[in-house]
>>> print(open('structure_23.cif').read())   # mmCIF, C-alpha atoms
data_upload
#
loop_
_atom_site.label_atom_id
_atom_site.label_comp_id
_atom_site.auth_asym_id
_atom_site.auth_seq_id
_atom_site.Cartn_x
_atom_site.Cartn_y
_atom_site.Cartn_z
CA MET A 24 -17.03 6.94 2.22
CA ASP A 25 -14.62 4.25 1.13
CA ILE A 26 -11.13 5.09 -0.19
CA ARG A 27 -8.79 2.33 -1.30
CA VAL A 28 -5.32 2.64 -2.85
CA HIS A 29 -3.53 -0.58 -3.76
CA ALA A 30 -1.47 -2.32 -6.43
CA HIS A 31 -3.67 -5.38 -6.96
CA PRO A 32 -6.61 -5.50 -9.39
CA PHE A 33 -10.18 -4.86 -8.25
CA ASP A 34 -13.37 -6.51 -9.44
CA TYR A 35 -15.32 -3.66 -11.00
CA GLY A 36 -18.52 -5.67 -11.39
CA ALA A 37 -18.45 -6.89 -7.79
CA GLU A 38 -17.69 -3.38 -6.50
CA CYS A 39 -20.60 -1.92 -8.49
CA ALA A 40 -22.94 -4.63 -7.24
CA ALA A 41 -21.93 -4.15 -3.61
CA PHE A 42 -21.96 -0.34 -3.64
CA GLY A 43 -25.09 0.97 -1.98
CA ALA A 44 -26.60 -2.52 -1.82
CA GLY A 45 -29.40 -2.94 0.70
CA ARG A 46 -29.97 0.77 1.25
CA GLN A 47 -33.44 2.26 0.80
CA ASP A 48 -32.42 5.94 0.71
CA ILE A 49 -30.53 5.77 -2.59
CA GLY A 50 -32.25 6.67 -5.86
CA ALA A 51 -29.22 6.97 -8.12
CA ILE A 52 -25.75 5.49 -8.46
CA VAL A 53 -23.12 6.75 -10.91
CA THR A 54 -19.95 4.73 -11.52
CA PHE A 55 -16.87 5.51 -13.58
CA CYS A 56 -13.94 3.26 -14.40
CA GLY A 57 -10.60 4.38 -15.88
CA ILE A 58 -8.78 1.88 -18.10
CA VAL A 59 -5.26 1.79 -19.59
CA ARG A 60 -5.75 2.68 -23.28
CA GLY A 61 -4.23 -0.10 -25.33
CA GLN A 62 -3.85 1.50 -28.73
CA ASP A 63 -2.09 4.82 -28.69
CA GLN A 64 -0.50 5.84 -32.00
CA GLY A 65 -0.39 2.21 -33.03
CA GLN A 66 1.78 1.13 -30.10
CA LEU A 67 1.02 -0.87 -27.01
CA PRO A 68 2.28 1.08 -24.02
CA GLN A 69 2.88 -0.39 -20.60
CA MET A 70 1.98 1.89 -17.75
CA GLU A 71 3.52 2.33 -14.32
CA ILE A 72 1.79 4.46 -11.72
CA GLU A 73 3.80 5.97 -8.90
CA HIS A 74 2.13 7.54 -5.86
CA TYR A 75 2.93 9.18 -2.56
CA PRO A 76 1.86 6.70 0.15
CA GLY A 77 0.12 8.51 2.96
CA MET A 78 -0.55 11.72 1.07
CA THR A 79 -2.49 9.85 -1.60
CA GLU A 80 -5.06 8.52 0.88
CA ARG A 81 -5.15 11.89 2.65
CA ALA A 82 -5.74 13.80 -0.62
CA LEU A 83 -8.48 11.40 -1.74
CA GLN A 84 -10.19 11.68 1.66
CA LYS A 85 -10.16 15.47 1.35
CA ILE A 86 -11.55 15.39 -2.19
CA ALA A 87 -14.31 12.97 -1.19
CA ALA A 88 -15.14 15.02 1.92
CA GLU A 89 -15.38 18.15 -0.24
CA ALA A 90 -17.77 16.34 -2.61
CA GLN A 91 -19.93 15.39 0.36
CA THR A 92 -20.20 19.02 1.47
CA ARG A 93 -21.22 20.15 -2.04
CA TRP A 94 -23.77 17.49 -2.91
CA ALA A 95 -26.25 15.39 -0.99
CA LEU A 96 -24.36 12.12 -1.30
CA SER A 97 -25.46 8.95 0.43
CA ASP A 98 -22.08 7.33 -0.17
CA CYS A 99 -18.97 7.46 -2.32
CA LEU A 100 -16.22 5.03 -3.24
CA ILE A 101 -12.79 5.65 -4.76
CA ILE A 102 -10.43 2.83 -5.72
CA HIS A 103 -7.10 3.69 -7.37
CA ARG A 104 -4.29 1.31 -8.26
CA TYR A 105 -0.57 1.93 -8.52
CA GLY A 106 2.36 -0.09 -9.88
CA PRO A 107 2.64 -1.70 -13.32
CA LEU A 108 -0.53 -1.86 -15.44
CA ALA A 109 -1.05 -3.45 -18.83
CA PRO A 110 -3.28 -2.13 -21.62
CA GLY A 111 -6.94 -2.94 -20.91
CA GLU A 112 -6.43 -3.11 -17.15
CA LYS A 113 -8.68 -1.08 -14.91
CA ILE A 114 -6.73 1.72 -13.22
CA MET A 115 -9.34 3.21 -10.94
CA MET A 116 -13.03 3.66 -10.26
CA VAL A 117 -15.32 6.08 -8.52
CA ALA A 118 -18.90 5.48 -7.47
CA THR A 119 -21.35 7.98 -6.03
CA ALA A 120 -24.77 7.35 -4.56
CA ALA A 121 -27.47 9.93 -3.94
CA ALA A 122 -31.22 10.25 -3.64
CA HIS A 123 -31.32 11.91 -7.07
CA ARG A 124 -29.18 11.50 -10.17
CA ALA A 125 -28.05 15.12 -10.56
CA ASP A 126 -26.06 14.95 -7.30
CA ALA A 127 -24.56 11.56 -8.18
CA PHE A 128 -23.48 12.67 -11.68
CA ALA A 129 -22.03 16.01 -10.58
CA ALA A 130 -20.17 14.52 -7.63
CA ALA A 131 -18.66 11.75 -9.79
CA GLU A 132 -17.37 14.33 -12.28
CA PHE A 133 -16.03 16.49 -9.47
CA LEU A 134 -14.21 13.52 -7.94
CA MET A 135 -12.64 12.64 -11.29
CA ASP A 136 -11.57 16.20 -12.08
CA TYR A 137 -9.92 16.64 -8.70
CA LEU A 138 -8.44 13.18 -8.57
CA LYS A 139 -6.66 13.77 -11.90
CA SER A 140 -4.69 16.80 -10.77
CA ARG A 141 -4.86 16.98 -6.97
CA ALA A 142 -4.13 13.42 -5.86
CA PRO A 143 -0.41 12.50 -5.95
CA PHE A 144 -0.29 9.93 -8.73
CA TRP A 145 2.11 10.02 -11.67
CA LYS A 146 1.83 7.90 -14.81
CA LYS A 147 4.81 6.65 -16.76
CA GLU A 148 4.37 5.03 -20.17
CA SER A 149 6.90 2.59 -21.60
CA ARG A 150 7.17 1.75 -25.27
CA ALA A 151 9.67 -0.12 -27.38
CA ASP A 152 11.64 3.11 -27.90
CA GLY A 153 11.77 4.19 -24.28
CA SER A 154 9.67 5.50 -21.47
CA ASP A 155 8.20 8.88 -20.57
CA TRP A 156 6.33 10.44 -17.71
CA VAL A 157 2.85 11.47 -18.85
CA ALA A 158 2.61 15.27 -18.85
CA ALA A 159 -0.29 16.89 -17.05
CA LYS A 160 -2.72 18.52 -19.46
CA ALA A 161 -3.67 22.19 -19.20
CA SER A 162 -7.26 21.05 -19.85
CA ASP A 163 -7.17 18.93 -16.68
CA GLU A 164 -6.15 21.93 -14.61
CA ALA A 165 -8.72 24.11 -16.40
CA ALA A 166 -11.43 21.55 -15.58
CA LEU A 167 -11.14 22.48 -11.90
CA THR A 168 -12.25 26.05 -12.51
CA ARG A 169 -15.80 24.95 -13.29
CA TRP A 170 -16.39 23.75 -9.74
CA MET B 7 15.53 21.52 12.13
CA THR B 8 15.50 18.07 10.60
CA LEU B 9 13.39 17.64 7.46
CA GLU B 10 12.53 14.54 5.50
CA ILE B 11 12.53 15.45 1.80
CA LEU B 12 10.80 13.26 -0.79
CA TYR B 13 11.01 13.35 -4.58
CA PHE B 14 8.62 11.72 -7.03
CA ALA B 15 8.37 10.83 -10.72
CA TRP B 16 10.90 12.52 -13.05
CA LEU B 17 12.19 14.71 -10.24
CA ARG B 18 13.15 11.57 -8.29
CA GLU B 19 14.93 10.21 -11.38
CA ARG B 20 16.81 13.46 -12.05
CA ILE B 21 17.95 13.88 -8.48
CA GLY B 22 18.70 10.19 -8.23
CA LEU B 23 17.10 9.37 -4.91
CA PRO B 24 13.56 9.02 -3.55
CA ARG B 25 14.12 10.67 -0.16
CA GLU B 26 16.74 12.16 2.09
CA THR B 27 17.00 13.73 5.52
CA VAL B 28 18.43 17.24 5.72
CA GLN B 29 19.35 19.65 8.47
CA THR B 30 18.19 23.13 7.54
CA ASN B 31 17.25 26.53 8.86
CA ALA B 32 15.26 27.40 5.74
CA ALA B 33 12.29 29.60 6.60
CA THR B 34 10.25 28.76 3.49
CA VAL B 35 10.02 26.07 0.83
CA ALA B 36 11.73 28.46 -1.61
CA ASP B 37 14.63 28.91 0.83
CA LEU B 38 14.96 25.13 1.09
CA VAL B 39 15.02 24.81 -2.71
CA ALA B 40 17.75 27.46 -2.86
CA GLU B 41 19.80 25.52 -0.30
CA LEU B 42 19.42 22.28 -2.26
CA CYS B 43 20.32 23.98 -5.56
CA ALA B 44 23.47 25.44 -4.00
CA ARG B 45 24.56 21.94 -2.94
CA GLU B 46 24.95 20.23 -6.29
CA GLU B 47 24.25 20.91 -9.92
CA ARG B 48 21.80 18.04 -10.29
CA TYR B 49 19.50 19.82 -7.83
CA ALA B 50 19.90 23.13 -9.65
CA LEU B 51 19.00 21.41 -12.93
CA ALA B 52 16.06 19.52 -11.45
CA PHE B 53 14.64 22.66 -9.79
CA SER B 54 15.44 25.03 -12.67
CA ASP B 55 11.76 25.60 -13.52
CA LEU B 56 9.62 25.77 -10.39
CA SER B 57 6.49 26.37 -12.47
CA ALA B 58 6.86 22.73 -13.59
CA LEU B 59 6.89 21.50 -9.99
CA ARG B 60 4.50 21.15 -7.09
CA VAL B 61 5.23 20.95 -3.38
CA ALA B 62 3.53 19.38 -0.38
CA VAL B 63 4.43 20.16 3.23
CA ASP B 64 3.42 17.43 5.66
CA GLN B 65 1.36 15.82 2.91
CA ASP B 66 -0.73 18.89 2.05
CA LEU B 67 -0.29 20.71 -1.26
CA THR B 68 1.05 24.20 -0.76
CA GLU B 69 2.99 26.99 -2.50
CA PHE B 70 6.72 27.61 -2.74
CA ASP B 71 6.48 30.64 -0.45
CA ALA B 72 4.95 28.52 2.34
CA PRO B 73 6.71 28.68 5.73
CA LEU B 74 8.50 25.59 7.03
CA ALA B 75 8.19 26.28 10.76
CA GLY B 76 7.14 23.05 12.45
CA ALA B 77 7.27 21.05 9.22
CA ARG B 78 8.59 17.48 9.22
CA GLU B 79 8.17 16.31 5.64
CA VAL B 80 8.48 18.20 2.35
CA ALA B 81 7.74 16.52 -0.98
CA PHE B 82 8.55 17.82 -4.46
CA PHE B 83 6.99 16.44 -7.62
CA PRO B 84 5.71 17.30 -11.10
CA PRO B 85 2.03 18.08 -11.71
CA MET B 86 -0.06 15.04 -10.86
CA THR B 87 -1.56 12.71 -13.47
CA GLY B 88 -4.01 10.45 -11.68
CA GLY B 89 -7.30 9.00 -12.87
#
>>> encode(input="structure_23.cif", output="structure tokens")
Amino acid sequence: MDIRVHAHPFDYGAECAAFGAGRQDIGAIVTFCGIVRGQDQGQLPQMEIEHYPGMTERALQKIAAEAQTRWALSDCLIIHRYGPLAPGEKIMMVATAAAHRADAFAAAEFLMDYLKSRAPFWKKESRADGSDWVAAKASDEAALTRW
Amino acid sequence: MTLEILYFAWLRERIGLPRETVQTNAATVADLVAELCAREERYALAFSDLSALRVAVDQDLTEFDAPLAGAREVAFFPPMTGG
């Protein structure tokens, strides 16, 4: 289990290549990468992500530990950035490894659903006409009920 | 007791500071919120709708009726938007 929270960019390709490398017990790896959407209603927003240092790492550890109790995971990785992010930049990634794909897929979705509304990150979008905190979606909260 | 209180996102902006240290005898998070709201109007405005806010005590998410006995750090913030 590898949890990293930092402001600087990460190399998604290199992380994917390194994840689970050299292990013989893994039959499936699922990876997901979240990216700042560049075109939203014709404007180019800048994004700033605020987080709660200390609790962020603690919350992600708990979410990852919960995933490991629910599915037979060989490994999991969460990287999440904070600070200013430009359109097209990679915000975060998760990777899950398991003997079989069903566990890897389900655990990756679980990690994403929980990370969206249970890890203390807040997104703020800035446009030419001002800036706004991104509101949490009811659908994100509802997504937790399926687990 | 002495509590470190932290505010994030729009709550931090509305209250106008990221953290502060308070002396309190509040028994629960809700009692603490009531004390803060009684202090100044900007707190009352920021905390006017608790359903729009979340709270963590010592870095674990909890509810507004949670007890504060033994707590050192309380954080208030809007619903999270990670990912």
>>> interface_residues(input="structure_23.cif", of="chain A", to="chain B", cutoff="6 Å", atoms="all atoms listed in the file", output="MDAnalysis selection string")
chainID A and resid 78 139:140 143:145 159
>>> resolve_selection(input="structure_23.cif", expression="the PyMOL selection byres ((chain B and resi 75) around 8)", output="list of chain:residue names")
B:Ala33, B:Thr34, B:Pro73, B:Leu74, B:Gly76, B:Ala77
>>> write_last_selection(input="structure_23.cif", atoms="C-alpha atoms", output="tab-separated table (two decimals), in the frame of the given file")
chain	number	residue	atom	x	y	z
B	33	ALA	CA	12.29	29.60	6.60
B	34	THR	CA	10.25	28.76	3.49
B	73	PRO	CA	6.71	28.68	5.73
B	74	LEU	CA	8.50	25.59	7.03
B	76	GLY	CA	7.14	23.05	12.45
B	77	ALA	CA	7.27	21.05	9.22
>>> atom_distance(input="structure_23.cif", atom1="CA of Ala165 (chain A)", atom2="CA of Glu148 (chain A)")
23.4 Å
>>> residues_around(input="structure_23.cif", residues="His103 (chain A)", least_positions_apart="4", cutoff="10 Å", atoms="all atoms listed in the file", output="VMD selection string")
(chain A and resid 26 to 33 56 to 57 72 79 to 80 83 113 to 117 138 144) or (chain B and resid 88 to 89)
>>> resolve_selection(input="structure_23.cif", expression="the PyMOL selection byres ((chain B and resi 27) around 10)", output="list in words")
Thr8, Leu9, Glu10, Ile11, Leu12, Arg25, Glu26, Val28, Gln29, Thr30, Arg78 and Glu79 of chain B
>>> resolve_selection(input="structure_23.cif", expression="the PyMOL selection byres ((chain A and resi 71) around 8)", output="number ranges by chain")
A: 69-70, 72-73, 105-108, 146-148
>>> write_last_selection(input="structure_23.cif", atoms="C-alpha atoms", output="mmCIF file, in the coordinates of the input")
data_model
loop_
_atom_site.group_PDB
_atom_site.id
_atom_site.type_symbol
_atom_site.label_atom_id
_atom_site.label_comp_id
_atom_site.auth_asym_id
_atom_site.auth_seq_id
_atom_site.Cartn_x
_atom_site.Cartn_y
_atom_site.Cartn_z
ATOM 1 C CA GLN A 69 2.880 -0.390 -20.600
ATOM 2 C CA MET A 70 1.980 1.890 -17.750
ATOM 3 C CA ILE A 72 1.790 4.460 -11.720
ATOM 4 C CA GLU A 73 3.800 5.970 -8.900
ATOM 5 C CA TYR A 105 -0.570 1.930 -8.520
ATOM 6 C CA GLY A 106 2.360 -0.090 -9.880
ATOM 7 C CA PRO A 107 2.640 -1.700 -13.320
ATOM 8 C CA LEU A 108 -0.530 -1.860 -15.440
ATOM 9 C CA LYS A 146 1.830 7.900 -14.810
ATOM 10 C CA LYS A 147 4.810 6.650 -16.760
ATOM 11 C CA GLU A 148 4.370 5.030 -20.170
#
>>> decode(input="structure_23.cif", residues="region 44-59 of chain B", atoms="all heavy atoms", output="tab-separated table (two decimals), in the first residue's frame")
chain	number	residue	atom	x	y	z
B	44	ALA	N	-21.73	32.64	19.00
B	44	ALA	CA	-22.08	33.71	19.95
B	44	ALA	C	-21.00	34.79	19.99
B	44	ALA	O	-21.24	35.91	20.41
B	44	ALA	CB	-22.29	33.11	21.35
B	45	ARG	N	-19.77	34.43	19.52
B	45	ARG	CA	-18.65	35.35	19.59
B	45	ARG	C	-18.77	36.52	18.64
B	45	ARG	O	-18.60	37.67	19.00
B	45	ARG	CB	-17.36	34.60	19.28
B	45	ARG	CG	-16.55	34.31	20.52
B	45	ARG	CD	-15.36	33.45	20.32
B	45	ARG	NE	-14.68	33.49	19.05
B	45	ARG	CZ	-13.59	32.78	18.80
B	45	ARG	NH1	-13.10	32.00	19.72
B	45	ARG	NH2	-13.02	32.83	17.63
B	46	GLU	N	-19.04	36.16	17.36
B	46	GLU	CA	-19.05	37.18	16.30
B	46	GLU	C	-20.00	36.76	15.19
B	46	GLU	O	-20.17	35.56	14.93
B	46	GLU	CB	-17.65	37.31	15.68
B	46	GLU	CG	-16.70	38.23	16.43
B	46	GLU	CD	-15.39	38.32	15.67
B	46	GLU	OE1	-15.38	38.83	14.54
B	46	GLU	OE2	-14.37	37.85	16.21
B	47	GLU	N	-20.53	37.75	14.51
B	47	GLU	CA	-21.52	37.44	13.48
B	47	GLU	C	-20.95	36.63	12.32
B	47	GLU	O	-21.65	35.82	11.73
B	47	GLU	CB	-22.14	38.75	12.95
B	47	GLU	CG	-23.43	38.48	12.19
B	47	GLU	CD	-24.09	39.74	11.68
B	47	GLU	OE1	-23.50	40.83	11.84
B	47	GLU	OE2	-25.18	39.61	11.11
B	48	ARG	N	-19.67	36.86	12.02
B	48	ARG	CA	-19.11	36.11	10.87
B	48	ARG	C	-19.13	34.61	11.13
B	48	ARG	O	-19.29	33.81	10.23
B	48	ARG	CB	-17.70	36.60	10.52
B	48	ARG	CG	-16.68	36.39	11.61
B	48	ARG	CD	-15.36	37.11	11.30
B	48	ARG	NE	-14.59	37.24	12.52
B	48	ARG	CZ	-13.38	36.72	12.69
B	48	ARG	NH1	-12.80	36.05	11.71
B	48	ARG	NH2	-12.74	36.87	13.82
B	49	TYR	N	-18.99	34.21	12.40
B	49	TYR	CA	-19.10	32.78	12.72
B	49	TYR	C	-20.55	32.32	12.56
B	49	TYR	O	-20.81	31.25	12.00
B	49	TYR	CB	-18.63	32.51	14.16
B	49	TYR	CG	-17.15	32.67	14.35
B	49	TYR	CD1	-16.62	33.87	14.80
B	49	TYR	CD2	-16.29	31.61	14.09
B	49	TYR	CE1	-15.27	34.04	14.98
B	49	TYR	CE2	-14.92	31.76	14.27
B	49	TYR	CZ	-14.41	32.98	14.72
B	49	TYR	OH	-13.07	33.12	14.88
B	50	ALA	N	-21.48	33.13	13.08
B	50	ALA	CA	-22.90	32.77	12.99
B	50	ALA	C	-23.31	32.61	11.52
B	50	ALA	O	-24.03	31.67	11.18
B	50	ALA	CB	-23.74	33.83	13.68
B	51	LEU	N	-22.81	33.50	10.66
B	51	LEU	CA	-23.14	33.40	9.24
B	51	LEU	C	-22.51	32.16	8.62
B	51	LEU	O	-23.15	31.42	7.88
B	51	LEU	CB	-22.66	34.66	8.50
B	51	LEU	CG	-23.47	35.93	8.76
B	51	LEU	CD1	-22.76	37.15	8.15
B	51	LEU	CD2	-24.88	35.79	8.19
B	52	ALA	N	-21.23	31.94	8.94
B	52	ALA	CA	-20.52	30.80	8.35
B	52	ALA	C	-21.12	29.47	8.79
B	52	ALA	O	-21.16	28.51	8.02
B	52	ALA	CB	-19.05	30.87	8.72
B	53	PHE	N	-21.61	29.40	10.02
B	53	PHE	CA	-22.16	28.14	10.56
B	53	PHE	C	-23.69	28.10	10.51
B	53	PHE	O	-24.30	27.29	11.19
B	53	PHE	CB	-21.70	27.96	12.01
B	53	PHE	CG	-20.28	27.51	12.17
B	53	PHE	CD1	-19.29	28.40	12.56
B	53	PHE	CD2	-19.93	26.18	11.92
B	53	PHE	CE1	-17.97	27.98	12.70
B	53	PHE	CE2	-18.61	25.76	12.06
B	53	PHE	CZ	-17.63	26.66	12.46
B	54	SER	N	-24.30	28.98	9.69
B	54	SER	CA	-25.76	29.08	9.72
B	54	SER	C	-26.44	27.80	9.22
B	54	SER	O	-27.55	27.49	9.63
B	54	SER	CB	-26.23	30.28	8.90
B	54	SER	OG	-25.80	30.14	7.56
B	55	ASP	N	-25.80	27.05	8.34
B	55	ASP	CA	-26.40	25.81	7.84
B	55	ASP	C	-25.44	24.65	8.08
B	55	ASP	O	-24.57	24.37	7.26
B	55	ASP	CB	-26.73	25.96	6.35
B	55	ASP	CG	-27.35	24.68	5.77
B	55	ASP	OD1	-27.70	23.77	6.56
B	55	ASP	OD2	-27.48	24.62	4.53
B	56	LEU	N	-25.63	23.96	9.19
B	56	LEU	CA	-24.69	22.87	9.53
B	56	LEU	C	-24.80	21.70	8.57
B	56	LEU	O	-23.87	20.91	8.45
B	56	LEU	CB	-24.94	22.39	10.97
B	56	LEU	CG	-24.51	23.35	12.08
B	56	LEU	CD1	-24.63	22.66	13.44
B	56	LEU	CD2	-23.09	23.85	11.88
B	57	SER	N	-25.95	21.58	7.87
B	57	SER	CA	-26.07	20.47	6.92
B	57	SER	C	-25.11	20.65	5.75
B	57	SER	O	-24.81	19.71	5.02
B	57	SER	CB	-27.51	20.35	6.41
B	57	SER	OG	-27.81	21.43	5.54
B	58	ALA	N	-24.60	21.88	5.57
B	58	ALA	CA	-23.65	22.16	4.48
B	58	ALA	C	-22.21	22.00	4.96
B	58	ALA	O	-21.28	22.31	4.21
B	58	ALA	CB	-23.87	23.57	3.96
B	59	LEU	N	-22.03	21.55	6.20
B	59	LEU	CA	-20.68	21.44	6.76
B	59	LEU	C	-20.39	20.05	7.28
B	59	LEU	O	-21.29	19.28	7.59
B	59	LEU	CB	-20.50	22.46	7.90
B	59	LEU	CG	-20.52	23.93	7.46
B	59	LEU	CD1	-20.50	24.84	8.67
B	59	LEU	CD2	-19.34	24.24	6.55
